[in-house]
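Below you'll find the structure, written out as structure tokens, and then a few comments.
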Amino acid sequence: MELFSAPWWSALLAIILIDLVLAGDNAIVIALAARSLPPQLRQKAIVWGTVGAIVVRSIMTIGVVWLLKIPGLMLVGGLGLVWIAYKLLAEQEGDEHDGPVASTFWGAMKTIIVADALMGVDNVLGVAGAAHGSMDLVVIGLLISVPIVVFGSSVVLKLVERFPVIIQLGAAVLAFTAAKMIVNEPMLDAVFDPPEPLNIAARWVVYAAAVLGVLSAGWWTSRRQQRAHAG
């Protein structure tokens, strides 16, 4: 992907949206992990725990970019990202964010690193998929996600509360990214790659099915949960 080209900027915008909608929970867990520490140690644990989390997340992202080059894994990763996009919408209601708590500095650091590694899988997969193997975009995605996760939890939450459409937009971007991963799976080149009208139509059917399927399934599940809570 050519640097600063239209596709490059489009991919960067997708990565920023993915970071925004997926970083909130990570930031909350990190804050909760250190909440029992004395005030003078709390920020120190978050900062140093984040340094470890950056290293772990960098290794994970590079690993995912490499793994997605293996035949069949673009398809698996795309399907996994569809599920992540759906869960993002389906779990909007009633989340309690009861994260792990640590009582010592080193315990908080370990908790932050482990929590970010486990909860960052969705973010890593989304960024790697949107970057399409472009390592400059992967690095930028990492650089953007870290301050959002560590220092931006309140900002992210306020943005989402004020503009709930960000969640729907982010889920749609994730679903579209997942569809592009599926369409770009080398094993499916015979279906999607030829520039024939039928193959072009197949690509757009996958894009539409992923985005509309995720948005409608997420909306239906969220409505059902609201009715259950009301009842």
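Just remember, in the structure tokens the first chain shown is A, the second B, etc., residues are 1-based per chain, and ligands are 1-based in the order shown.
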
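Residue neighbourhood of A:Ser222, excluding near-sequence residues (fewer than 3 positions): Ala90, Glu93, Gly218, Trp219, Gln225 and Gln226 of chain A, at 7 Å, using only C-alpha atoms.
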
Prev. selection, N, CA and C atoms, output as a short mmCIF file (atom, residue, chain, number, x, y, z; two decimals), in the first residue's frame:
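File part-v2.cif, as written:
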data_model
loop_
_atom_site.label_atom_id
_atom_site.label_comp_id
_atom_site.auth_asym_id
_atom_site.auth_seq_id
_atom_site.Cartn_x
_atom_site.Cartn_y
_atom_site.Cartn_z
N ALA A 90 -23.70 -6.28 20.83
CA ALA A 90 -24.59 -7.08 21.67
C ALA A 90 -24.34 -6.85 23.15
N GLU A 93 -25.41 -3.30 26.59
CA GLU A 93 -26.31 -3.15 27.73
C GLU A 93 -25.81 -3.96 28.92
N GLY A 218 -26.68 -7.31 16.04
CA GLY A 218 -26.36 -6.57 17.25
C GLY A 218 -27.56 -5.78 17.76
N TRP A 219 -28.28 -5.13 16.84
CA TRP A 219 -29.47 -4.36 17.22
C TRP A 219 -30.53 -5.28 17.82
N GLN A 225 -32.16 -7.74 25.02
CA GLN A 225 -31.60 -7.54 26.37
C GLN A 225 -32.33 -6.41 27.08
N GLN A 226 -32.64 -5.33 26.34
CA GLN A 226 -33.36 -4.22 26.96
C GLN A 226 -34.74 -4.66 27.45
#

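Those residues that approach stretch 173-187 of chain A to within 6 Å, counting only C-alpha atoms, are Met74, Leu75, Gly78, Leu81, Val82, Ala85, Ala130, Tyr207, Ala210 and Val211 of chain A; same-chain residues fewer than 4 positions away are not listed.
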
task: List the neighbours of stretch 1-11 of chain A out to 8 Å using only C-alpha atoms; skip same-chain residues closer than 2 positions along the sequence, and give me the result as a ChimeraX atom specification.
output: /A:13-15,130-131,134,137

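For the pair atom CA of A:Leu20 and atom CA of A:Arg162, the separation is 13.8 Å.
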
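Neighbouring residues of A:Thr221 at 12 Å or closer, counting only C-alpha atoms and skipping chain neighbours under 3 positions away, are Tyr86, Lys87, Leu88, Leu89, Ala90, Glu91, Gln92, Glu93, Gly213, Val214, Leu215, Ser216, Ala217, Gly218, Arg224, Gln225, Gln226, Arg227 and Ala228 of chain A.
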
For the residues in the current selection, export N, CA and C atoms as a PDB file, in the first residue's frame.
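Produced file result-v9.pdb, reproduced below:
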ATOM      1  N   TYR A  86     -19.933  -8.169  16.236  1.00  0.00           N
ATOM      2  CA  TYR A  86     -21.273  -8.462  16.776  1.00  0.00           C
ATOM      3  C   TYR A  86     -21.297  -8.294  18.292  1.00  0.00           C
ATOM      4  N   LYS A  87     -20.293  -8.853  18.984  1.00  0.00           N
ATOM      5  CA  LYS A  87     -20.261  -8.774  20.444  1.00  0.00           C
ATOM      6  C   LYS A  87     -20.145  -7.330  20.918  1.00  0.00           C
ATOM      7  N   LEU A  88     -19.459  -6.497  20.140  1.00  0.00           N
ATOM      8  CA  LEU A  88     -19.324  -5.085  20.490  1.00  0.00           C
ATOM      9  C   LEU A  88     -20.694  -4.428  20.616  1.00  0.00           C
ATOM     10  N   LEU A  89     -21.616  -4.770  19.713  1.00  0.00           N
ATOM     11  CA  LEU A  89     -22.965  -4.224  19.757  1.00  0.00           C
ATOM     12  C   LEU A  89     -23.843  -4.962  20.760  1.00  0.00           C
ATOM     13  N   ALA A  90     -23.699  -6.276  20.825  1.00  0.00           N
ATOM     14  CA  ALA A  90     -24.585  -7.084  21.669  1.00  0.00           C
ATOM     15  C   ALA A  90     -24.344  -6.853  23.147  1.00  0.00           C
ATOM     16  N   GLU A  91     -23.138  -6.424  23.516  1.00  0.00           N
ATOM     17  CA  GLU A  91     -22.796  -6.283  24.929  1.00  0.00           C
ATOM     18  C   GLU A  91     -22.837  -4.840  25.402  1.00  0.00           C
ATOM     19  N   GLN A  92     -23.539  -3.980  24.687  1.00  0.00           N
ATOM     20  CA  GLN A  92     -23.633  -2.580  25.110  1.00  0.00           C
ATOM     21  C   GLN A  92     -24.418  -2.437  26.397  1.00  0.00           C
ATOM     22  N   GLU A  93     -25.408  -3.296  26.593  1.00  0.00           N
ATOM     23  CA  GLU A  93     -26.313  -3.145  27.733  1.00  0.00           C
ATOM     24  C   GLU A  93     -25.812  -3.956  28.916  1.00  0.00           C
ATOM     25  N   GLY A 213     -25.408  -7.741   8.420  1.00  0.00           N
ATOM     26  CA  GLY A 213     -25.637  -8.848   9.343  1.00  0.00           C
ATOM     27  C   GLY A 213     -25.219  -8.500  10.756  1.00  0.00           C
ATOM     28  N   VAL A 214     -24.045  -7.896  10.902  1.00  0.00           N
ATOM     29  CA  VAL A 214     -23.560  -7.518  12.233  1.00  0.00           C
ATOM     30  C   VAL A 214     -24.450  -6.452  12.863  1.00  0.00           C
ATOM     31  N   LEU A 215     -24.775  -5.400  12.091  1.00  0.00           N
ATOM     32  CA  LEU A 215     -25.590  -4.312  12.632  1.00  0.00           C
ATOM     33  C   LEU A 215     -26.978  -4.786  13.028  1.00  0.00           C
ATOM     34  N   SER A 216     -27.606  -5.608  12.178  1.00  0.00           N
ATOM     35  CA  SER A 216     -28.961  -6.076  12.484  1.00  0.00           C
ATOM     36  C   SER A 216     -28.954  -7.083  13.634  1.00  0.00           C
ATOM     37  N   ALA A 217     -27.986  -7.995  13.649  1.00  0.00           N
ATOM     38  CA  ALA A 217     -27.913  -8.981  14.737  1.00  0.00           C
ATOM     39  C   ALA A 217     -27.600  -8.292  16.060  1.00  0.00           C
ATOM     40  N   GLY A 218     -26.683  -7.312  16.039  1.00  0.00           N
ATOM     41  CA  GLY A 218     -26.365  -6.569  17.254  1.00  0.00           C
ATOM     42  C   GLY A 218     -27.556  -5.775  17.756  1.00  0.00           C
ATOM     43  N   ARG A 224     -33.428  -7.179  22.604  1.00  0.00           N
ATOM     44  CA  ARG A 224     -33.904  -8.299  23.417  1.00  0.00           C
ATOM     45  C   ARG A 224     -33.401  -8.174  24.855  1.00  0.00           C
ATOM     46  N   GLN A 225     -32.158  -7.743  25.021  1.00  0.00           N
ATOM     47  CA  GLN A 225     -31.603  -7.543  26.369  1.00  0.00           C
ATOM     48  C   GLN A 225     -32.329  -6.405  27.078  1.00  0.00           C
ATOM     49  N   GLN A 226     -32.642  -5.335  26.345  1.00  0.00           N
ATOM     50  CA  GLN A 226     -33.364  -4.223  26.956  1.00  0.00           C
ATOM     51  C   GLN A 226     -34.744  -4.661  27.447  1.00  0.00           C
ATOM     52  N   ARG A 227     -35.426  -5.476  26.630  1.00  0.00           N
ATOM     53  CA  ARG A 227     -36.739  -5.978  27.042  1.00  0.00           C
ATOM     54  C   ARG A 227     -36.610  -6.890  28.260  1.00  0.00           C
ATOM     55  N   ALA A 228     -35.537  -7.688  28.309  1.00  0.00           N
ATOM     56  CA  ALA A 228     -35.330  -8.592  29.441  1.00  0.00           C
ATOM     57  C   ALA A 228     -35.070  -7.801  30.708  1.00  0.00           C
TER      58      ALA A 228
END

- request: Find the residues near A:Gly52: any atom within 9 Å, counting only C-alpha atoms, skip ones fewer than 2 places away on the same chain, and give them as a ChimeraX atom specification.
  value: /A:48-50,54-57,109-110,112-113
